[in-house]
>>> print(open('work_18.txt').read())   # compact mmCIF, C-alpha atoms
# COMPACT_ATOMS: atom_id res chain seq x y z
CA MET A 2 6.91 -9.20 16.67
CA ASP A 3 10.36 -10.84 16.97
CA THR A 4 12.63 -8.08 18.32
CA GLY A 5 15.69 -10.29 17.82
CA LYS A 6 14.92 -10.63 14.12
CA ILE A 7 14.43 -6.87 13.78
CA PHE A 8 17.77 -6.06 15.43
CA GLY A 9 19.50 -8.87 13.54
CA LYS A 10 18.20 -7.64 10.19
CA SER A 11 19.16 -4.04 10.97
CA ALA A 12 22.63 -5.04 12.11
CA PHE A 13 23.15 -7.14 8.97
CA LEU A 14 22.05 -4.32 6.63
CA TYR A 15 24.13 -1.74 8.46
CA SER A 16 27.17 -4.02 8.35
CA ILE A 17 26.84 -4.42 4.59
CA LEU A 18 26.42 -0.67 4.09
CA LEU A 19 29.38 0.17 6.32
CA PHE A 20 31.51 -2.46 4.59
CA ALA A 21 30.57 -1.09 1.16
CA THR A 22 31.27 2.44 2.37
CA GLY A 23 34.65 1.41 3.75
CA VAL A 24 35.58 -0.33 0.49
CA GLY A 25 34.47 2.70 -1.50
CA ILE A 26 36.47 5.12 0.63
CA SER A 27 39.53 2.85 0.50
CA LEU A 28 39.34 2.70 -3.29
CA LEU A 29 39.01 6.47 -3.50
CA ILE A 30 42.09 6.94 -1.33
CA TYR A 31 44.05 4.17 -3.10
CA PHE A 32 43.38 5.62 -6.54
CA ASP A 33 43.72 9.23 -5.46
CA LYS A 34 46.55 9.88 -7.91
CA GLU A 35 44.56 8.45 -10.81
CA ILE A 36 41.55 10.54 -9.82
CA ILE A 37 43.67 13.68 -9.63
CA TYR A 38 45.12 12.80 -13.05
CA ILE A 39 41.64 12.48 -14.56
CA PHE A 40 40.41 15.60 -12.77
CA PRO A 41 43.50 17.83 -12.61
CA PHE A 42 41.51 20.80 -11.35
CA LEU A 43 40.93 19.01 -8.02
CA PRO A 44 43.31 19.89 -5.16
CA PRO A 45 45.33 16.95 -3.70
CA TRP A 46 43.36 16.86 -0.45
CA SER A 47 39.93 16.73 -2.18
CA VAL A 48 39.75 12.90 -2.41
CA PHE A 49 40.27 12.47 1.32
CA ALA A 50 37.80 15.29 2.09
CA PHE A 51 35.20 13.77 -0.23
CA SER A 52 35.65 10.36 1.41
CA LEU A 53 35.26 11.90 4.85
CA ILE A 54 32.06 13.71 3.80
CA ILE A 55 30.55 10.46 2.48
CA PHE A 56 31.42 8.70 5.74
CA LEU A 57 29.86 11.49 7.83
CA ILE A 58 26.66 11.57 5.74
CA LEU A 59 26.17 7.81 6.00
CA SER A 60 26.92 7.90 9.72
CA ILE A 61 24.24 10.57 10.22
CA ILE A 62 21.75 8.51 8.19
CA PHE A 63 22.48 5.38 10.26
CA TRP A 64 22.24 7.31 13.52
CA SER A 65 18.92 8.91 12.45
CA ARG A 66 17.42 5.52 11.61
CA GLU A 67 18.47 4.05 14.93
CA ARG A 68 17.21 7.13 16.79
CA ARG A 69 13.84 6.92 15.03
CA PHE A 70 13.56 3.24 15.94
CA GLU A 71 14.34 3.99 19.59
CA VAL A 72 11.75 6.80 19.68
CA LEU A 73 9.07 4.55 18.16
CA LYS A 74 9.94 1.80 20.64
CA TYR A 75 9.64 4.25 23.55
CA GLU A 76 6.31 5.57 22.28
CA PHE A 77 5.01 2.04 21.81
CA VAL A 78 5.94 0.93 25.33
CA ASN A 79 4.63 4.16 26.85
CA ILE A 80 1.28 3.99 25.04
CA VAL A 81 0.72 0.28 25.65
CA THR A 82 1.61 0.62 29.35
CA HIS A 83 -0.79 3.52 29.82
CA LYS A 84 -3.66 2.04 27.82
CA PHE A 85 -3.53 -1.34 29.55
CA ARG A 86 -3.12 0.14 33.02
CA THR A 87 -6.48 1.95 32.95
CA PRO A 88 -8.76 -1.08 32.33
CA LEU A 89 -6.67 -3.24 34.65
CA THR A 90 -7.14 -0.64 37.40
CA TYR A 91 -10.92 -0.82 36.87
CA VAL A 92 -10.76 -4.62 37.15
CA ASN A 93 -8.83 -4.40 40.42
CA TRP A 94 -11.23 -1.83 41.89
CA SER A 95 -14.26 -3.86 40.90
CA VAL A 96 -12.82 -7.09 42.30
CA GLU A 97 -12.08 -5.36 45.61
CA ASN A 98 -15.64 -4.03 45.70
CA LEU A 99 -17.04 -7.51 45.03
CA LYS A 100 -15.22 -8.77 48.12
CA LYS A 101 -17.21 -6.35 50.25
CA ASN A 102 -20.81 -6.67 51.28
CA GLN A 103 -22.64 -5.09 48.38
CA THR A 104 -26.24 -4.59 47.43
CA PRO A 105 -27.40 -6.41 44.26
CA ASP A 106 -27.23 -3.14 42.31
CA GLU A 107 -23.69 -2.44 43.48
CA ARG A 108 -22.64 -5.99 42.62
CA ASN A 109 -24.13 -5.68 39.14
CA GLU A 110 -22.30 -2.38 38.63
CA SER A 111 -18.99 -3.99 39.64
CA ILE A 112 -19.61 -6.84 37.20
CA ARG A 113 -20.49 -4.32 34.47
CA GLN A 114 -17.20 -2.47 35.03
CA ILE A 115 -15.24 -5.74 34.86
CA GLU A 116 -16.99 -6.66 31.60
CA ALA A 117 -16.29 -3.20 30.12
CA ALA A 118 -12.62 -3.37 31.15
CA SER A 119 -12.31 -6.89 29.73
CA SER A 120 -13.83 -5.72 26.45
CA ARG A 121 -11.35 -2.82 26.30
CA LEU A 122 -8.39 -5.14 26.98
CA THR A 123 -9.57 -7.47 24.20
CA GLU A 124 -9.86 -4.51 21.83
CA LEU A 125 -6.35 -3.31 22.70
CA THR A 126 -4.94 -6.80 22.23
CA ASP A 127 -6.59 -7.14 18.82
CA ILE A 128 -5.11 -3.80 17.73
CA LEU A 129 -1.62 -4.88 18.78
CA ILE A 130 -2.03 -8.25 17.04
CA ASP A 131 -3.02 -6.44 13.83
CA LEU A 132 0.03 -4.19 14.22
CA VAL A 133 2.30 -7.25 14.45
CA ARG A 134 0.60 -8.85 11.45
CA ILE A 135 1.29 -5.72 9.39
CA ASP A 136 5.01 -5.84 10.26
CA GLU A 137 5.21 -9.57 9.50
CA GLY A 138 3.19 -9.45 6.27
CA TYR A 139 0.44 -11.70 7.60
CA ALA A 140 -1.56 -13.44 4.83
CA TYR A 141 -4.99 -12.10 3.89
CA VAL A 142 -8.00 -14.29 3.16
CA PHE A 143 -10.15 -12.79 0.38
CA LYS A 144 -13.79 -13.77 0.14
CA ALA A 145 -16.53 -12.56 -2.18
CA GLN A 146 -18.92 -10.41 -0.17
CA TYR A 147 -21.58 -7.77 -0.70
CA PHE A 148 -20.18 -4.56 0.77
CA ARG A 149 -23.66 -3.38 1.69
CA GLU A 150 -24.03 -6.35 4.05
CA ILE A 151 -20.71 -5.56 5.77
CA ILE A 152 -21.72 -1.93 6.35
CA GLU A 153 -25.25 -2.71 7.57
CA SER A 154 -23.98 -5.39 9.96
CA ILE A 155 -21.50 -2.96 11.53
CA LEU A 156 -23.95 -0.05 11.82
CA LYS A 157 -26.31 -2.18 13.94
CA GLN A 158 -23.61 -2.21 16.62
CA TYR A 159 -23.64 1.60 16.87
CA SER A 160 -27.38 2.29 16.80
CA GLY A 161 -27.47 2.82 20.59
CA GLU A 162 -24.58 5.33 20.57
CA LEU A 163 -26.13 7.23 17.66
CA ARG A 164 -29.37 7.60 19.60
CA GLU A 165 -27.59 8.48 22.85
CA LYS A 166 -25.65 11.34 21.22
CA GLN A 167 -28.69 12.37 19.16
CA ILE A 168 -26.61 12.13 15.99
CA HIS A 169 -28.39 12.93 12.73
CA PHE A 170 -27.38 9.92 10.65
CA ASN A 171 -27.73 9.34 6.92
CA ILE A 172 -26.61 6.49 4.67
CA GLU A 173 -26.66 6.24 0.89
CA ILE A 174 -25.62 3.03 -0.89
CA ALA A 175 -25.58 2.86 -4.67
CA GLN A 176 -27.68 0.15 -6.25
CA GLY A 177 -26.20 -2.75 -8.16
CA ILE A 178 -22.79 -2.94 -6.47
CA PRO A 179 -21.62 -6.52 -7.12
CA LEU A 180 -19.75 -8.97 -4.94
CA ILE A 181 -16.23 -7.81 -4.13
CA ALA A 182 -13.31 -9.91 -2.88
CA VAL A 183 -12.18 -8.64 0.53
CA ASP A 184 -10.76 -9.89 3.79
CA VAL A 185 -14.02 -9.38 5.67
CA LYS A 186 -12.63 -9.12 9.21
CA ARG A 187 -10.04 -6.56 8.21
CA ILE A 188 -12.48 -4.44 6.20
CA GLU A 189 -14.82 -4.56 9.20
CA PHE A 190 -11.93 -3.28 11.32
CA VAL A 191 -11.42 -0.30 8.97
CA ILE A 192 -15.10 0.66 8.92
CA LYS A 193 -15.33 0.32 12.70
CA VAL A 194 -12.29 2.58 13.19
CA LEU A 195 -13.79 5.25 10.93
CA MET A 196 -17.22 4.96 12.54
CA GLU A 197 -15.87 5.07 16.09
CA ASN A 198 -13.72 8.11 15.26
CA ALA A 199 -16.73 9.91 13.81
CA LEU A 200 -18.82 9.09 16.89
CA THR A 201 -16.06 10.03 19.32
CA TYR A 202 -15.21 13.39 17.79
CA THR A 203 -18.71 14.52 16.79
CA PRO A 204 -20.58 16.50 19.46
CA VAL A 205 -24.10 15.77 20.68
CA GLY A 206 -26.64 16.73 18.03
CA GLY A 207 -24.12 16.61 15.19
CA TYR A 208 -24.36 14.59 12.00
CA ILE A 209 -22.64 11.61 10.40
CA SER A 210 -23.25 10.48 6.85
CA ILE A 211 -22.04 7.36 5.04
CA ALA A 212 -22.00 6.74 1.31
CA LEU A 213 -20.99 3.81 -0.90
CA GLU A 214 -20.71 4.39 -4.62
CA PHE A 215 -19.24 3.18 -7.91
CA ILE A 216 -16.16 4.92 -9.30
CA ASN A 217 -15.92 4.43 -13.09
CA GLN A 218 -17.45 0.97 -12.69
CA LYS A 219 -13.97 -0.26 -11.66
CA SER A 220 -13.89 0.38 -7.92
CA ILE A 221 -16.06 1.28 -4.96
CA ARG A 222 -15.67 4.32 -2.73
CA PHE A 223 -16.68 4.36 0.92
CA THR A 224 -17.15 7.81 2.46
CA ILE A 225 -17.90 8.79 6.04
CA LYS A 226 -18.42 12.47 6.83
CA ASP A 227 -19.01 14.08 10.22
CA SER A 228 -19.49 17.48 11.84
CA GLY A 229 -16.86 16.85 14.49
CA ILE A 230 -13.70 18.57 15.68
CA GLY A 231 -12.08 18.53 12.25
CA ILE A 232 -8.40 18.30 11.36
CA SER A 233 -5.98 21.19 11.06
CA LYS A 234 -4.06 21.77 7.84
CA ASN A 235 -0.78 20.91 9.59
CA ASP A 236 -2.12 17.65 11.05
CA LEU A 237 -3.89 16.39 7.92
CA PRO A 238 -0.78 14.83 6.28
CA HIS A 239 -0.01 12.86 9.47
CA VAL A 240 -3.36 11.31 10.46
CA PHE A 241 -2.37 7.86 9.11
CA SER A 242 1.05 7.85 10.79
CA LYS A 243 1.83 5.33 13.51
CA PHE A 244 1.05 6.66 17.02
CA PHE A 245 0.00 10.07 15.69
CA ARG A 246 -2.77 11.88 17.59
CA SER A 247 -3.51 15.56 17.23
CA HIS A 248 -3.78 17.79 20.29
CA GLU A 249 -7.53 18.16 19.69
CA ALA A 250 -8.05 14.40 19.34
CA THR A 251 -6.14 13.71 22.55
CA GLY A 252 -8.28 16.25 24.41
CA ALA A 253 -11.53 14.73 23.12
CA ASP A 254 -10.54 11.10 23.72
CA THR A 255 -7.73 10.19 26.13
CA GLU A 256 -8.01 6.45 25.42
CA GLY A 257 -6.93 6.48 21.77
CA MET A 258 -3.65 4.84 20.76
CA GLY A 259 -2.96 6.47 17.39
CA LEU A 260 -2.89 3.07 15.67
CA GLY A 261 -6.37 2.58 14.20
CA LEU A 262 -5.88 4.75 11.11
CA TYR A 263 -2.31 3.50 10.60
CA ILE A 264 -3.53 -0.12 10.55
CA SER A 265 -6.51 0.85 8.37
CA GLU A 266 -4.25 2.40 5.74
CA ASN A 267 -2.20 -0.80 5.55
CA ILE A 268 -5.35 -2.92 5.24
CA ILE A 269 -6.75 -0.83 2.38
CA ARG A 270 -3.37 -0.87 0.63
CA ARG A 271 -3.30 -4.68 0.85
CA HIS A 272 -6.68 -4.62 -0.91
CA GLY A 273 -5.12 -2.69 -3.78
CA GLY A 274 -6.87 0.52 -2.74
CA LYS A 275 -6.18 3.87 -1.13
CA ILE A 276 -7.52 5.79 1.87
CA TRP A 277 -7.32 9.49 2.68
CA ALA A 278 -8.82 12.24 4.83
CA GLU A 279 -10.26 15.66 4.05
CA SER A 280 -11.12 18.55 6.34
CA LEU A 281 -11.65 22.30 6.02
CA GLY A 282 -9.97 22.80 9.39
CA LEU A 283 -10.60 22.67 13.13
CA ASN A 284 -14.27 22.49 14.18
CA LYS A 285 -15.32 22.08 10.55
CA GLY A 286 -15.78 18.32 10.47
CA SER A 287 -13.85 15.56 8.75
CA THR A 288 -14.33 13.25 5.80
CA PHE A 289 -12.58 9.90 5.45
CA LEU A 290 -12.69 8.02 2.17
CA PHE A 291 -11.29 4.78 0.82
CA GLU A 292 -11.46 3.10 -2.57
CA ILE A 293 -11.07 -0.59 -3.41
CA PRO A 294 -10.90 -2.03 -6.97
CA LEU A 295 -13.68 -4.48 -7.78
CA ASN A 296 -11.34 -7.04 -9.34
CA HIS A 297 -8.71 -7.17 -6.57
CA GLY A 298 -8.08 -10.64 -5.11
CA GLN A 299 -9.74 -12.43 -8.04
>>> encode(input="work_18.txt", output="structure tokens")
Amino acid sequence: MDTGKIFGKSAFLYSILLFATGVGISLLIYFDKEIIYIFPFLPPWSVFAFSLIIFLILSIIFWSRERRFEVLKYEFVNIVTHKFRTPLTYVNWSVENLKKNQTPDERNESIRQIEAASSRLTELTDILIDLVRIDEGYAYVFKAQYFREIIESILKQYSGELREKQIHFNIEIAQGIPLIAVDVKRIEFVIKVLMENALTYTPVGGYISIALEFINQKSIRFTIKDSGIGISKNDLPHVFSKFFRSHEATGADTEGMGLGLYISENIIRRHGGKIWAESLGLNKGSTFLFEIPLNHGQ
């Protein structure tokens, strides 16, 4: 993400808007007599007052935009710093332990922690790269693929976690779903985000179900439903916002960044589809769904 370009673009747009505003206000003041003549019911000071109000409104809008950008920048730096510090700390601890005289089991445990931390750092880096690609409009590569194969390939990666948490798992895939043009890696990212969220926020012994179906023979709908912590009515409209994490989600998983669903929404939109969430409330589970047209990218 080129910060210089972002600031340069913002400064350019703001300059144009301020210039246009200044010209508009100057014209209003210059032609105040003509305006009063056309609208005789207006008091003489109304043109200046109206111009001042316009200037104040635009100034507030500009200030709000800049303030929002600064808040997002602060949140981004704060989250990235925190999320990267944790795995790096584990790496440092493990390296220090490896320098000591360790038993084979202790050495293997140190190596395991380094590998886990390295995997987490790679995951965080990939998320940030995807975030940059969204902002820069990175090109997508669409390839004809059977959606069933994408889902089954991903689920194999989570079989161990499903068993460990004793999750009751069910999957239903409609027959006859044809090839669909998708950017495979990005669709895999979306499904992984939804699956990992379901696993993270569903308690031991809960259930997760996945379904893939036709919608009017024109699109496919992917649904993942869980019996997890649920989403409150107030939080539901914000779950796909950048950096958003509910209080309950933060308590259940301190390592989340609030970017997975935001990136997923952009990916589905680039596929010509839509994604949304449903929940009856806290502790009543969640359902995430997305639809993709069959003919997109052809």
>>> atom_distance(input="work_18.txt", atom1="atom CA of Glu162 of chain A", atom2="atom CA of Ala250 of chain A")
18.9 Å
>>> atom_distance(input="work_18.txt", atom1="atom CA of Ser119 of chain A", atom2="atom CA of Asp106 of chain A")
19.9 Å
>>> atom_distance(input="work_18.txt", atom1="atom CA of Ser228 of chain A", atom2="atom CA of Ile174 of chain A")
20.2 Å
>>> closest_residue(input="work_18.txt", among="A:Phe244, A:Phe170, A:Phe291, A:Trp94", to="His272 of chain A", atoms="all atoms listed in the file")
A:Phe291
>>> residues_around(input="work_18.txt", residues="Leu295 of chain A", least_positions_apart="5", cutoff="9 Å", atoms="all atoms listed in the file", output="PyMOL selection string")
chain A and resi 179-182+218-221
>>> residues_near_point(input="work_18.txt", point="(-25.4, 7.5, -2.2)", cutoff="9 Å", atoms="all atoms listed in the file", output="PDB file with C-alpha atoms, in the coordinates of the input")
ATOM      1  CA  ILE A 172     -26.610   6.490   4.670  1.00  0.00           C
ATOM      2  CA  GLU A 173     -26.660   6.240   0.890  1.00  0.00           C
ATOM      3  CA  ILE A 174     -25.620   3.030  -0.890  1.00  0.00           C
ATOM      4  CA  ALA A 175     -25.580   2.860  -4.670  1.00  0.00           C
ATOM      5  CA  GLN A 176     -27.680   0.150  -6.250  1.00  0.00           C
ATOM      6  CA  ILE A 211     -22.040   7.360   5.040  1.00  0.00           C
ATOM      7  CA  ALA A 212     -22.000   6.740   1.310  1.00  0.00           C
ATOM      8  CA  LEU A 213     -20.990   3.810  -0.900  1.00  0.00           C
ATOM      9  CA  GLU A 214     -20.710   4.390  -4.620  1.00  0.00           C
TER      10      GLU A 214
END
>>> axis_aligned_box(input="work_18.txt", around="segment 85-102 of chain A", padding_each_side="5 Å", output="lines of an AutoDock Vina configuration file")
center_x = -12.0
center_y = -3.4
center_z = 40.4
size_x = 27.7
size_y = 20.7
size_z = 31.7
>>> residues_around(input="work_18.txt", residues="Ile269 of chain A", least_positions_apart="2", cutoff="12 Å", atoms="all atoms listed in the file", output="number ranges by chain")
A: 135, 141, 183-185, 187-192, 222-223, 241, 262-267, 271-277, 290-294, 297
>>> write_last_selection(input="work_18.txt", atoms="C-alpha atoms", output="PDB file, in the coordinates of the input")
ATOM      1  CA  ILE A 135       1.290  -5.720   9.390  1.00  0.00           C
ATOM      2  CA  TYR A 141      -4.990 -12.100   3.890  1.00  0.00           C
ATOM      3  CA  VAL A 183     -12.180  -8.640   0.530  1.00  0.00           C
ATOM      4  CA  ASP A 184     -10.760  -9.890   3.790  1.00  0.00           C
ATOM      5  CA  VAL A 185     -14.020  -9.380   5.670  1.00  0.00           C
ATOM      6  CA  ARG A 187     -10.040  -6.560   8.210  1.00  0.00           C
ATOM      7  CA  ILE A 188     -12.480  -4.440   6.200  1.00  0.00           C
ATOM      8  CA  GLU A 189     -14.820  -4.560   9.200  1.00  0.00           C
ATOM      9  CA  PHE A 190     -11.930  -3.280  11.320  1.00  0.00           C
ATOM     10  CA  VAL A 191     -11.420  -0.300   8.970  1.00  0.00           C
ATOM     11  CA  ILE A 192     -15.100   0.660   8.920  1.00  0.00           C
ATOM     12  CA  ARG A 222     -15.670   4.320  -2.730  1.00  0.00           C
ATOM     13  CA  PHE A 223     -16.680   4.360   0.920  1.00  0.00           C
ATOM     14  CA  PHE A 241      -2.370   7.860   9.110  1.00  0.00           C
ATOM     15  CA  LEU A 262      -5.880   4.750  11.110  1.00  0.00           C
ATOM     16  CA  TYR A 263      -2.310   3.500  10.600  1.00  0.00           C
ATOM     17  CA  ILE A 264      -3.530  -0.120  10.550  1.00  0.00           C
ATOM     18  CA  SER A 265      -6.510   0.850   8.370  1.00  0.00           C
ATOM     19  CA  GLU A 266      -4.250   2.400   5.740  1.00  0.00           C
ATOM     20  CA  ASN A 267      -2.200  -0.800   5.550  1.00  0.00           C
ATOM     21  CA  ARG A 271      -3.300  -4.680   0.850  1.00  0.00           C
ATOM     22  CA  HIS A 272      -6.680  -4.620  -0.910  1.00  0.00           C
ATOM     23  CA  GLY A 273      -5.120  -2.690  -3.780  1.00  0.00           C
ATOM     24  CA  GLY A 274      -6.870   0.520  -2.740  1.00  0.00           C
ATOM     25  CA  LYS A 275      -6.180   3.870  -1.130  1.00  0.00           C
ATOM     26  CA  ILE A 276      -7.520   5.790   1.870  1.00  0.00           C
ATOM     27  CA  TRP A 277      -7.320   9.490   2.680  1.00  0.00           C
ATOM     28  CA  LEU A 290     -12.690   8.020   2.170  1.00  0.00           C
ATOM     29  CA  PHE A 291     -11.290   4.780   0.820  1.00  0.00           C
ATOM     30  CA  GLU A 292     -11.460   3.100  -2.570  1.00  0.00           C
ATOM     31  CA  ILE A 293     -11.070  -0.590  -3.410  1.00  0.00           C
ATOM     32  CA  PRO A 294     -10.900  -2.030  -6.970  1.00  0.00           C
ATOM     33  CA  HIS A 297      -8.710  -7.170  -6.570  1.00  0.00           C
TER      34      HIS A 297
END
